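Undergrad: final-v9.tsv is reproduced below (TSV, C-alpha atoms).
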chain	number	residue	atom	x	y	z
A	27	MET	CA	-0.64	-8.81	-15.62
A	28	ALA	CA	-1.26	-5.38	-14.08
A	29	PHE	CA	-4.57	-4.32	-12.60
A	30	PRO	CA	-6.62	-2.79	-15.44
A	31	GLN	CA	-7.76	0.81	-15.62
A	32	LEU	CA	-11.43	0.84	-14.75
A	33	ILE	CA	-14.07	2.93	-16.44
A	34	GLU	CA	-17.64	3.80	-15.45
A	35	GLU	CA	-19.02	0.66	-17.11
A	36	ASP	CA	-16.71	-1.59	-15.05
A	37	MET	CA	-17.57	0.13	-11.79
A	38	GLN	CA	-21.30	-0.06	-12.47
A	39	PHE	CA	-21.00	-3.74	-13.30
A	40	ILE	CA	-18.98	-4.53	-10.16
A	41	ASP	CA	-21.33	-2.44	-8.02
A	42	LYS	CA	-24.34	-4.33	-9.36
A	43	VAL	CA	-22.72	-7.71	-8.73
A	44	LEU	CA	-21.76	-6.72	-5.17
A	45	GLY	CA	-25.26	-5.35	-4.57
A	46	ASP	CA	-26.87	-8.59	-5.75
A	47	LEU	CA	-24.47	-10.58	-3.59
A	48	VAL	CA	-25.30	-8.58	-0.46
A	49	ARG	CA	-29.04	-8.87	-1.15
A	50	LYS	CA	-29.02	-12.61	-1.78
A	51	SER	CA	-26.51	-13.67	0.86
A	52	GLU	CA	-27.59	-11.10	3.47
A	53	ALA	CA	-23.94	-10.28	4.07
A	54	VAL	CA	-23.30	-7.00	5.88
A	55	LEU	CA	-20.64	-5.80	3.49
A	56	SER	CA	-18.92	-6.93	0.31
A	57	MET	CA	-15.76	-5.36	-1.09
A	58	VAL	CA	-13.56	-5.86	-4.10
A	59	VAL	CA	-9.98	-5.20	-3.06
A	60	GLU	CA	-6.81	-5.09	-5.10
A	61	LYS	CA	-4.14	-7.32	-3.54
A	62	ALA	CA	-1.78	-4.41	-2.83
A	63	GLY	CA	-4.48	-3.16	-0.47
A	64	TYR	CA	-6.57	-0.73	-2.53
A	65	LEU	CA	-10.31	-0.73	-2.04
A	66	ILE	CA	-11.89	-0.82	-5.49
A	67	GLN	CA	-15.61	-1.00	-4.73
A	68	GLN	CA	-17.85	-1.79	-1.78
A	69	HIS	CA	-21.52	-2.48	-1.19
A	70	GLY	CA	-23.52	-2.89	2.00
A	71	ASN	CA	-23.67	-1.29	5.38
A	72	ALA	CA	-20.27	0.25	6.03
A	73	ASP	CA	-21.45	3.01	8.35
A	74	ALA	CA	-19.42	2.00	11.37
A	75	LEU	CA	-16.52	0.47	9.49
A	76	ASP	CA	-13.27	1.95	8.23
A	77	THR	CA	-13.37	0.14	4.90
A	78	THR	CA	-10.04	1.58	3.67
A	79	THR	CA	-8.21	-0.01	6.60
A	80	LEU	CA	-10.33	-3.14	6.41
A	81	ALA	CA	-9.39	-3.55	2.74
A	82	THR	CA	-5.68	-3.13	3.45
A	83	LEU	CA	-5.72	-5.55	6.36
A	84	GLY	CA	-7.79	-8.06	4.38
A	85	SER	CA	-5.48	-8.05	1.39
A	86	ASN	CA	-2.33	-8.36	3.49
A	87	ALA	CA	-3.86	-11.12	5.62
A	88	TYR	CA	-4.82	-12.97	2.45
A	89	ASN	CA	-1.34	-12.50	0.94
A	90	ALA	CA	0.32	-13.65	4.18
A	91	THR	CA	-1.86	-16.77	4.42
A	92	HIS	CA	-1.23	-17.49	0.75
A	93	PHE	CA	2.51	-17.24	1.41
A	94	MET	CA	2.11	-19.57	4.38
A	95	ALA	CA	0.22	-22.10	2.26
A	96	GLN	CA	2.99	-22.05	-0.33
A	97	LEU	CA	5.57	-22.79	2.38
A	98	VAL	CA	3.75	-26.04	3.13
A	99	ASN	CA	3.47	-26.80	-0.59
A	100	GLU	CA	-0.23	-26.05	-0.72
A	101	HIS	CA	-0.71	-24.40	-4.07
A	102	ASN	CA	-4.49	-24.52	-4.28
A	103	PHE	CA	-5.22	-21.53	-2.08
A	104	THR	CA	-8.35	-19.63	-3.02
A	105	SER	CA	-10.04	-18.51	0.18
A	106	MET	CA	-9.68	-17.79	3.87
A	107	TYR	CA	-12.22	-17.52	6.65
A	108	GLN	CA	-12.17	-15.78	10.01
A	109	GLN	CA	-14.90	-17.03	12.33
A	110	GLY	CA	-16.16	-14.41	14.75
A	111	GLU	CA	-18.74	-14.34	17.54
A	112	THR	CA	-20.95	-11.70	15.94
A	113	PHE	CA	-19.46	-11.15	12.49
A	114	SER	CA	-17.27	-13.37	10.37
A	115	THR	CA	-15.09	-12.60	7.37
A	116	LEU	CA	-14.67	-14.62	4.22
A	117	ILE	CA	-12.03	-13.68	1.66
A	118	LEU	CA	-12.10	-15.23	-1.80
A	119	ASN	CA	-9.65	-14.98	-4.64
A	120	ILE	CA	-11.06	-13.29	-7.75
A	121	ASP	CA	-8.00	-13.31	-9.97
A	122	GLU	CA	-4.26	-12.64	-9.90
A	123	ASN	CA	-4.83	-9.07	-8.71
A	124	CYS	CA	-8.04	-9.03	-6.71
A	125	ILE	CA	-9.95	-10.52	-3.80
A	126	LEU	CA	-13.55	-10.39	-2.63
A	127	VAL	CA	-14.03	-9.62	1.07
A	128	LEU	CA	-17.36	-10.52	2.67
A	129	ILE	CA	-18.36	-9.52	6.21
A	130	PHE	CA	-21.42	-11.38	7.44
A	131	SER	CA	-23.40	-12.06	10.59
A	132	THR	CA	-22.70	-15.35	12.35
A	133	ASP	CA	-26.43	-16.07	11.96
A	134	HIS	CA	-25.44	-17.16	8.46
A	135	THR	CA	-23.14	-20.00	7.52
A	136	VAL	CA	-19.89	-19.69	5.66
A	137	GLY	CA	-21.23	-22.33	3.25
A	138	SER	CA	-24.10	-20.10	2.19
A	139	MET	CA	-21.67	-17.20	1.68
A	140	LYS	CA	-19.47	-19.36	-0.52
A	141	TYR	CA	-22.51	-20.52	-2.47
A	142	TYR	CA	-23.65	-16.96	-3.28
A	143	ALA	CA	-20.13	-15.58	-3.72
A	144	ALA	CA	-19.02	-18.15	-6.33
A	145	PRO	CA	-21.01	-16.67	-9.26
A	146	ALA	CA	-20.14	-13.14	-8.12
A	147	VAL	CA	-16.42	-13.97	-8.20
A	148	LYS	CA	-16.83	-15.37	-11.71
A	149	SER	CA	-18.72	-12.32	-12.95
A	150	ILE	CA	-16.26	-9.83	-11.49
A	151	SER	CA	-13.31	-11.82	-12.81
A	152	GLY	CA	-14.91	-11.76	-16.28
A	153	GLN	CA	-15.42	-7.99	-16.17
A	154	LEU	CA	-11.84	-7.39	-15.04
A	155	SER	CA	-10.63	-9.58	-17.93
A	156	ARG	CA	-12.66	-7.49	-20.36
A	157	ALA	CA	-11.19	-4.34	-18.81
A	158	SER	CA	-7.68	-5.76	-19.29
A	159	GLU	CA	-8.38	-6.62	-22.92
A	160	ARG	CA	-9.48	-3.05	-23.53
A	161	GLY	CA	-5.89	-1.97	-22.84
A	162	GLU	CA	-4.55	1.08	-21.10
A	163	THR	CA	-4.87	4.70	-22.01
A	164	ALA	CA	-2.13	6.99	-20.77
A	165	LEU	CA	-3.17	9.25	-17.96
A	166	ASP	CA	-3.28	12.69	-19.51
A	167	LEU	CA	-1.42	14.93	-17.11
A	168	CYS	CA	0.72	16.51	-19.79
A	169	ASP	CA	-0.32	20.12	-19.34
A	170	MET	CA	0.06	20.01	-15.60
A	171	ASN	CA	2.50	22.46	-14.10
A	172	PRO	CA	5.27	20.43	-12.39
A	173	ASP	CA	5.56	23.20	-9.78
A	174	ASP	CA	2.16	22.10	-8.49
A	175	VAL	CA	3.71	18.99	-7.03
A	176	GLN	CA	6.62	20.69	-5.27
A	177	ALA	CA	4.98	20.22	-1.89
A	178	LEU	CA	1.90	18.06	-1.91
A	179	PHE	CA	1.94	17.66	1.85
A	180	ARG	CA	2.50	20.47	4.31
A	181	ARG	CA	3.31	20.36	7.99
A	182	ALA	CA	0.59	21.85	10.15
B	27	MET	CA	1.39	-0.86	-9.30
B	28	ALA	CA	-0.70	2.27	-9.35
B	29	ILE	CA	-4.44	2.00	-9.64
B	30	ILE	CA	-6.00	4.35	-12.15
B	31	ASN	CA	-9.74	4.46	-11.73
B	32	ARG	CA	-11.26	6.55	-14.49
B	33	ALA	CA	-14.77	6.08	-13.15
B	34	THR	CA	-14.05	7.54	-9.71
B	35	LYS	CA	-11.24	9.73	-11.10
B	36	GLU	CA	-8.71	8.43	-8.63
B	37	LEU	CA	-5.01	7.70	-8.87
B	38	GLN	CA	-3.90	5.43	-6.02
B	39	LEU	CA	-0.23	4.96	-5.24
B	40	LYS	CA	1.59	2.86	-2.67
B	41	ILE	CA	4.71	4.12	-0.90
B	42	VAL	CA	6.69	1.76	1.32
B	43	TYR	CA	9.13	2.93	4.00
B	44	TYR	CA	11.89	0.32	4.08
B	45	GLY	CA	14.96	0.13	6.28
B	46	PRO	CA	16.77	-1.70	9.06
B	47	ALA	CA	15.30	-2.28	12.51
B	48	LYS	CA	14.77	0.83	14.63
B	49	SER	CA	15.86	3.18	11.84
B	50	GLY	CA	12.72	5.29	12.26
B	51	LYS	CA	10.26	4.03	9.64
B	52	THR	CA	7.29	3.97	12.01
B	53	THR	CA	8.37	7.34	13.47
B	54	ASN	CA	8.22	8.83	9.97
B	55	LEU	CA	4.63	7.66	9.54
B	56	GLU	CA	3.67	8.78	13.03
B	57	GLN	CA	5.04	12.24	12.35
B	58	VAL	CA	3.22	12.51	9.02
B	59	HIS	CA	0.03	11.34	10.69
B	60	ALA	CA	0.41	13.78	13.59
B	61	ASN	CA	1.48	16.82	11.62
B	62	VAL	CA	0.08	16.69	8.10
B	63	GLN	CA	-2.19	19.57	7.16
B	64	VAL	CA	-5.64	18.40	6.17
B	65	PRO	CA	-8.63	20.55	5.21
B	66	GLU	CA	-10.58	19.21	8.18
B	67	GLU	CA	-9.23	17.18	11.07
B	68	THR	CA	-12.26	14.89	10.90
B	69	THR	CA	-11.28	13.80	7.37
B	70	LYS	CA	-7.85	12.57	8.49
B	71	SER	CA	-7.60	8.80	8.30
B	72	LYS	CA	-6.23	6.91	11.22
B	73	MET	CA	-2.91	5.14	11.28
B	74	THR	CA	-2.99	1.38	11.68
B	75	SER	CA	-0.06	-0.40	13.31
B	76	LEU	CA	0.33	-4.14	13.57
B	77	ALA	CA	2.98	-4.23	16.28
B	78	THR	CA	4.33	-6.64	18.87
B	79	SER	CA	3.69	-6.15	22.58
B	80	SER	CA	7.00	-4.29	22.77
B	81	ASP	CA	5.85	-1.86	20.07
B	82	ARG	CA	8.04	-3.25	17.30
B	83	THR	CA	6.42	-3.48	13.88
B	84	LEU	CA	5.21	-7.04	13.37
B	85	PHE	CA	3.59	-6.77	9.95
B	86	PHE	CA	3.23	-3.17	8.84
B	87	ASP	CA	2.05	0.33	9.70
B	88	PHE	CA	-0.44	1.89	7.33
B	89	PHE	CA	-1.69	5.43	6.80
B	90	PRO	CA	-3.80	6.48	3.81
B	91	LEU	CA	-3.32	10.05	2.69
B	92	GLU	CA	-5.21	12.09	0.14
B	93	ALA	CA	-3.40	14.76	-1.79
B	94	THR	CA	-4.21	17.30	-4.39
B	95	THR	CA	-6.48	16.82	-7.36
B	96	ILE	CA	-4.40	16.66	-10.49
B	97	LYS	CA	-6.26	17.38	-13.69
B	98	GLY	CA	-9.43	16.12	-12.15
B	99	PHE	CA	-7.81	13.01	-10.66
B	100	LYS	CA	-7.77	12.73	-6.90
B	101	SER	CA	-4.38	11.37	-5.85
B	102	LYS	CA	-4.40	8.96	-2.93
B	103	PHE	CA	-1.24	7.69	-1.32
B	104	SER	CA	-1.06	4.62	0.89
B	105	LEU	CA	1.94	4.84	3.19
B	106	PHE	CA	3.29	1.56	4.56
B	107	THR	CA	6.25	0.53	6.65
B	108	VAL	CA	7.82	-2.91	6.73
B	109	PRO	CA	9.09	-4.61	9.87
B	110	GLY	CA	12.79	-3.93	10.27
B	111	GLN	CA	13.77	-7.11	12.01
B	112	VAL	CA	15.37	-9.67	9.71
B	113	ILE	CA	13.20	-12.52	11.03
B	114	TYR	CA	10.21	-10.82	9.38
B	115	ASN	CA	11.70	-10.80	5.89
B	116	ALA	CA	8.78	-12.80	4.49
B	117	THR	CA	6.31	-10.17	5.64
B	118	ARG	CA	8.45	-7.43	4.12
B	119	GLN	CA	8.01	-9.17	0.80
B	120	ILE	CA	4.23	-9.25	1.25
B	121	VAL	CA	4.06	-5.54	2.08
B	122	LEU	CA	6.18	-4.71	-0.98
B	123	ARG	CA	3.56	-6.21	-3.26
B	124	GLY	CA	2.27	-3.55	-5.67
B	125	VAL	CA	4.73	-0.91	-4.45
B	126	ASP	CA	5.00	2.28	-6.52
B	127	GLY	CA	7.64	4.20	-4.59
B	128	ILE	CA	10.11	3.49	-1.78
B	129	VAL	CA	11.64	5.57	0.99
B	130	PHE	CA	14.73	3.82	2.30
B	131	VAL	CA	15.21	4.97	5.89
B	132	ALA	CA	18.84	4.47	6.86
B	133	ASP	CA	20.20	4.76	10.38
B	134	SER	CA	23.06	7.29	10.25
B	135	GLN	CA	25.00	5.82	13.17
B	136	TYR	CA	28.37	4.32	12.26
B	137	ASP	CA	27.69	1.00	13.94
B	138	LYS	CA	24.45	0.55	11.95
B	139	MET	CA	26.18	0.63	8.57
B	140	PRO	CA	26.32	-3.19	8.11
B	141	GLU	CA	22.56	-3.36	8.83
B	142	ASN	CA	21.84	-0.54	6.37
B	143	ILE	CA	23.78	-2.33	3.64
B	144	GLU	CA	22.28	-5.73	4.41
B	145	THR	CA	18.73	-4.35	4.48
B	146	PHE	CA	19.23	-2.53	1.19
B	147	GLN	CA	20.40	-5.79	-0.37
B	148	HIS	CA	17.39	-7.63	1.11
B	149	MET	CA	15.13	-4.98	-0.37
B	150	GLN	CA	16.59	-5.53	-3.83
B	151	ASP	CA	16.24	-9.31	-3.41
B	152	ASN	CA	12.63	-8.98	-2.27
B	153	LEU	CA	11.79	-6.73	-5.20
B	154	LYS	CA	13.40	-9.23	-7.54
B	155	SER	CA	11.25	-12.03	-6.13
B	156	LEU	CA	8.22	-9.88	-7.05
B	157	ASN	CA	9.61	-9.31	-10.56
B	158	LEU	CA	10.33	-5.70	-9.69
B	159	SER	CA	13.55	-3.71	-9.80
B	160	LEU	CA	14.86	-0.49	-8.27
B	161	GLU	CA	15.51	0.69	-11.82
B	162	ASP	CA	11.75	0.87	-12.40
B	163	ILE	CA	10.62	2.12	-9.01
B	164	PRO	CA	11.22	5.70	-7.87
B	165	TYR	CA	12.95	5.79	-4.51
B	166	VAL	CA	14.62	8.22	-2.16
B	167	ILE	CA	16.99	7.71	0.75
B	168	GLN	CA	16.56	9.30	4.15
B	169	TYR	CA	19.56	9.46	6.48
B	170	ASN	CA	17.78	9.48	9.79
B	171	LYS	CA	18.92	10.10	13.36
B	172	ARG	CA	21.21	12.97	12.42
B	173	ASP	CA	20.70	14.36	15.92
B	174	LEU	CA	22.54	11.46	17.55
B	175	PRO	CA	26.27	11.45	18.37
B	176	ASP	CA	28.53	9.15	16.41
B	177	VAL	CA	26.75	9.53	13.08
B	178	ALA	CA	28.61	8.97	9.85
B	179	PRO	CA	29.14	11.98	7.56
B	180	VAL	CA	26.58	12.26	4.78
B	181	GLU	CA	29.35	11.89	2.16
B	182	TYR	CA	30.20	8.51	3.63
B	183	LEU	CA	26.55	7.41	3.72
B	184	GLU	CA	26.15	8.56	0.14
B	185	TYR	CA	29.20	6.56	-0.90
B	186	VAL	CA	27.91	3.44	0.86
B	187	LEU	CA	24.18	3.58	0.03
B	188	ASN	CA	23.68	5.91	-2.93
B	189	ASN	CA	26.50	4.98	-5.22
B	190	ARG	CA	24.64	3.51	-8.17
B	191	GLU	CA	24.25	4.44	-11.80
B	192	VAL	CA	21.31	6.67	-10.89
B	193	HIS	CA	21.98	8.91	-7.92
B	194	VAL	CA	18.67	9.29	-6.09
B	195	PRO	CA	17.53	12.20	-3.91
B	196	PHE	CA	18.53	11.95	-0.26
B	197	PHE	CA	17.52	13.76	2.90
B	198	GLU	CA	19.01	14.22	6.32
B	199	ALA	CA	16.42	13.72	9.02
B	200	GLY	CA	15.65	13.63	12.69
B	201	ALA	CA	12.29	11.91	12.37
B	202	ASN	CA	11.61	12.05	16.12
B	203	LYS	CA	11.54	15.86	15.77
B	204	CYS	CA	9.79	15.72	12.40
B	205	GLU	CA	12.90	17.11	10.70
B	206	GLY	CA	13.25	15.98	7.11
B	207	VAL	CA	10.07	13.90	7.27
B	208	PHE	CA	7.90	16.05	5.01
B	209	GLU	CA	10.79	16.87	2.69
B	210	THR	CA	11.28	13.13	2.13
B	211	LEU	CA	7.57	12.44	1.65
B	212	ASN	CA	7.13	15.33	-0.77
B	213	MET	CA	10.08	14.19	-2.86
B	214	ILE	CA	8.86	10.62	-3.27
B	215	THR	CA	5.32	11.80	-4.11
B	216	LYS	CA	6.77	14.28	-6.57
B	217	LEU	CA	8.83	11.54	-8.24
B	218	LEU	CA	5.74	9.34	-8.47
B	219	ILE	CA	3.54	12.05	-9.94
B	220	HIS	CA	6.29	12.93	-12.44
B	221	LYS	CA	6.48	9.30	-13.45
B	222	TYR	CA	2.85	9.54	-14.54
B	223	LEU	CA	3.36	13.01	-15.92
B	224	ASN	CA	6.00	11.66	-18.25
B	225	LYS	CA	4.14	8.53	-19.31
Would you mind giving the structure from this file in structure tokens?

TA:
Amino acid sequence: MAFPQLIEEDMQFIDKVLGDLVRKSEAVLSMVVEKAGYLIQQHGNADALDTTTLATLGSNAYNATHFMAQLVNEHNFTSMYQQGETFSTLILNIDENCILVLIFSTDHTVGSMKYYAAPAVKSISGQLSRASERGETALDLCDMNPDDVQALFRRA
Amino acid sequence: MAIINRATKELQLKIVYYGPAKSGKTTNLEQVHANVQVPEETTKSKMTSLATSSDRTLFFDFFPLEATTIKGFKSKFSLFTVPGQVIYNATRQIVLRGVDGIVFVADSQYDKMPENIETFQHMQDNLKSLNLSLEDIPYVIQYNKRDLPDVAPVEYLEYVLNNREVHVPFFEAGANKCEGVFETLNMITKLLIHKYLNK
């Protein structure tokens, strides 16, 4: 199943869930990331972080570890954890297409992150299911002039 | 698998540079990163490379690039490379996940032809394992390293690598001098946008 097209209602819902999660868990940053590497939504203090790159690295790390788990016949793979000295990262599976990435201070335990993240994962998964059920609307680009895309990128 | 976000009015597309070892995939991305025109230099994203100590791609290179706004939708392209070495085939498969468009970077040198062919076959196999097919994914071929001696004629490369039912666009390139790099990138982005234009 493809990643659904998101509308304002979906984004507001996801943003609220991520906001609640950050507030309750005291995580530094929470992100919903599509497994091909796209950052969908983020909440928290991302001032000093390149969240686009973080999202891409997180999704690929998750996919690689998932692949590794499958090689050793471990099919129940739903999360991964990187323990740091100052900040740690927890990545949780949301559904077939998405993961939740949490960056948190090592003052907090991974257990508490998992505790607060579990209902958030469920809520986001539910909203993405509703978005999928809504179906897709074609992207209306029909009156665009094809000449406009002759050279999207130019050499400086 | 493109992401269409109607709330943020964004169209996100993933382009993967695929090809045999040392064919110039990372060089292509480095040249785009170094030379692409952006409204302000401060807005240019950085390029991320997960490489070995000897500077060979271990997992992938990544460079996010924003393009024009099309009918109110901001188009964002994520450029990736895969590792060329055969031992990293599993990671190539991971990077291909959710791919929208492919640039196959072939090494034009005669003695690299078996590697070009083998890598192309691996690419098809990896796509198949992800339930994808070249018939559904826009792709272009870049014949790189045209500046080196002992390169095969383009007609020969075309016969070997671009001899399918659908003949795809191809470009001659010298990626180390940024020749053919932007032409290739613009063609794959154009094919991708047209795919959505025609939907």

Undergrad: Can I get the residues of segment 104-127 of chain B within 10 Å of segment 58-78 of chain B, each with the closest pair of atoms and their distance in Å to one decimal, using all atoms listed in the file, sorted chain first then ascending number, as a tab-separated table?

TA:
residue	atom	partner	partner_atom	distance
B:Leu105	CA	B:Met73	CA	9.4
B:Phe106	CA	B:Thr74	CA	9.5
B:Thr107	CA	B:Ser75	CA	9.2
B:Pro109	CA	B:Ala77	CA	8.9

Undergrad: Which of these, B:Gln57, B:Asn189, B:Thr145, B:Asn152, has the shortest distance to Gly45 of chain B once you count all atoms listed in the file?

TA: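 Under the stated criterion, the closest residue is B:Thr145.
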
Undergrad: Which one of B:Val192, B:Met149, B:Met27, B:Leu183 sits closest to chain A if you count all atoms listed in the file?

TA: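 When distances to chain A are compared using all atoms listed in the file, the smallest one comes from B:Met27.
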
Undergrad: At most 8 Å is the cut-off: for each residue in segment 44-102 of chain A with any atom that close to an atom of segment 111-131 of chain B, write down the nearest atom pair and the distance in Å rounded to one decimal, counting only C-alpha atoms, chain first then increasing number, as JSON lines.

TA:
{"residue": "A:Lys61", "atom": "CA", "partner": "B:Gly124", "partner_atom": "CA", "distance": 7.7}
{"residue": "A:Ala62", "atom": "CA", "partner": "B:Gly124", "partner_atom": "CA", "distance": 5.0}
{"residue": "A:Asn86", "atom": "CA", "partner": "B:Ile120", "partner_atom": "CA", "distance": 7.0}
{"residue": "A:Asn89", "atom": "CA", "partner": "B:Ile120", "partner_atom": "CA", "distance": 6.5}
{"residue": "A:Ala90", "atom": "CA", "partner": "B:Ile120", "partner_atom": "CA", "distance": 6.6}

Undergrad: Looking at all atoms listed in the file, which of A:Ala157, A:Ile150, A:Ala28, A:Leu44 is the one that sits closest to chain B?

TA: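 The shortest atom-to-atom distance to chain B comes from A:Ala28.
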
Undergrad: Would you list the residues near (20.6, -5.5, 1.9), meaning any protein, DNA or RNA residue with an atom at most 12 Å from that point in file coordinates, counting all atoms listed in the file, as a list in words?

TA: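 Result, sorted by chain then residue number: Tyr44, Gly45, Pro46, Gly110, Val112, Asn115, Phe130, Ala132, Met139, Pro140, Glu141, Asn142, Ile143, Glu144, Thr145, Phe146, Gln147, His148, Met149, Gln150, Asp151, Asn152, Leu153, Val186 and Leu187 of chain B.
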
Undergrad: To one decimal in Å, tell me the separation between atom CA of Asp137 of chain B and atom CA of Leu160 of chain B.

TA: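 Atom-to-atom, atom CA of Asp137 of chain B to atom CA of Leu160 of chain B, that is 25.7 Å.
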
Undergrad: Just want the 12 Å neighbourhood of Glu35 of chain A, counted on only C-alpha atoms, with same-chain residues fewer than 6 positions away dropped. Output as a ChimeraX atom specification.

TA: /A:41-42,153-154,156-157 /B:31-34

Undergrad: Using all atoms listed in the file, which of A:Pro30, A:Gly137, A:Gly45, A:Gly84 sits nearest chain B?

TA: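 Closest to chain B of all the choices is A:Pro30.
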
Undergrad: Rounded to one decimal, what separation in Å do you get between atom CA of Ser49 of chain B and atom CA of His92 of chain A?

TA: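 Going from atom CA of Ser49 of chain B over to atom CA of His92 of chain A covers 29.0 Å.
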
Undergrad: Could you jot down the atom CA of Cys124 of chain A to atom CA of Glu60 of chain A separation for me, Å, one decimal place?

TA: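 Distance reported for this atom pair: 4.4 Å.
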
Undergrad: Looking at all atoms listed in the file, which of B:Lys35, B:Lys171, B:Lys51, B:His193 is the one that sits closest to chain A?

TA: B:Lys35

Undergrad: Could you check which of B:Val177, B:Leu84, B:Leu211, B:Val194 is closest to chain A, using all atoms listed in the file?

TA: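 Checking each of B:Val177, B:Leu84, B:Leu211, B:Val194 against chain A, counting all atoms listed in the file, the winner is B:Leu211.
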
Undergrad: Pick out the residues sitting within 6 Å of Ala178 of chain B, and hand them over as JSON, numbers by chain; count only C-alpha atoms, and ignore anything fewer than 4 positions along from it in its own chain.

TA: {"B": [134, 135, 136]}

Undergrad: Taking 5 positions as the minimum chain separation for residues in the same chain, which residues sit within 10 Å of Ile117 of chain A when counting all atoms listed in the file? Answer as a PDB file with C-alpha atoms, keeping the file's coordinate frame.

TA:
ATOM      1  CA  SER A  56     -18.920  -6.930   0.310  1.00  0.00           C
ATOM      2  CA  MET A  57     -15.760  -5.360  -1.090  1.00  0.00           C
ATOM      3  CA  VAL A  58     -13.560  -5.860  -4.100  1.00  0.00           C
ATOM      4  CA  VAL A  59      -9.980  -5.200  -3.060  1.00  0.00           C
ATOM      5  CA  GLY A  84      -7.790  -8.060   4.380  1.00  0.00           C
ATOM      6  CA  SER A  85      -5.480  -8.050   1.390  1.00  0.00           C
ATOM      7  CA  ALA A  87      -3.860 -11.120   5.620  1.00  0.00           C
ATOM      8  CA  TYR A  88      -4.820 -12.970   2.450  1.00  0.00           C
ATOM      9  CA  THR A 104      -8.350 -19.630  -3.020  1.00  0.00           C
ATOM     10  CA  SER A 105     -10.040 -18.510   0.180  1.00  0.00           C
ATOM     11  CA  MET A 106      -9.680 -17.790   3.870  1.00  0.00           C
ATOM     12  CA  TYR A 107     -12.220 -17.520   6.650  1.00  0.00           C
ATOM     13  CA  GLN A 108     -12.170 -15.780  10.010  1.00  0.00           C
ATOM     14  CA  ILE A 125      -9.950 -10.520  -3.800  1.00  0.00           C
ATOM     15  CA  LEU A 126     -13.550 -10.390  -2.630  1.00  0.00           C
ATOM     16  CA  VAL A 127     -14.030  -9.620   1.070  1.00  0.00           C
ATOM     17  CA  LEU A 128     -17.360 -10.520   2.670  1.00  0.00           C
ATOM     18  CA  ILE A 129     -18.360  -9.520   6.210  1.00  0.00           C
ATOM     19  CA  LYS A 140     -19.470 -19.360  -0.520  1.00  0.00           C
ATOM     20  CA  ALA A 143     -20.130 -15.580  -3.720  1.00  0.00           C
TER      21      ALA A 143
END

Undergrad: I want to know what sits within 12 Å of Ser138 of chain A, based on only C-alpha atoms, with residues of the same chain fewer than 3 positions away left out; could you give that as number ranges by chain?

TA: A: 47-48, 50-53, 116, 128, 130-135, 141-144

Undergrad: Return as lines of an AutoDock Vina configuration file the centre and edge lengths, in Å with one decimal, of the box along x, y and z that encloses every atom of segment 147-152 of chain A in the file, padded by 8 Å per side.

TA:
center_x = -16.0
center_y = -12.6
center_z = -12.2
size_x = 21.4
size_y = 21.5
size_z = 24.1

Undergrad: Counting only C-alpha atoms, what is within 9 Å of Leu218 of chain B, bar same-chain residues fewer than 5 positions away, as a compact mmCIF listing (two decimals) with C-alpha atoms, in the coordinates of the input?

TA:
# COMPACT_ATOMS: atom_id res chain seq x y z
CA LEU B 39 -0.23 4.96 -5.24
CA ASP B 126 5.00 2.28 -6.52
CA GLY B 127 7.64 4.20 -4.59
CA ILE B 163 10.62 2.12 -9.01
CA PRO B 164 11.22 5.70 -7.87
CA TYR B 165 12.95 5.79 -4.51
CA MET B 213 10.08 14.19 -2.86
CA LEU B 223 3.36 13.01 -15.92
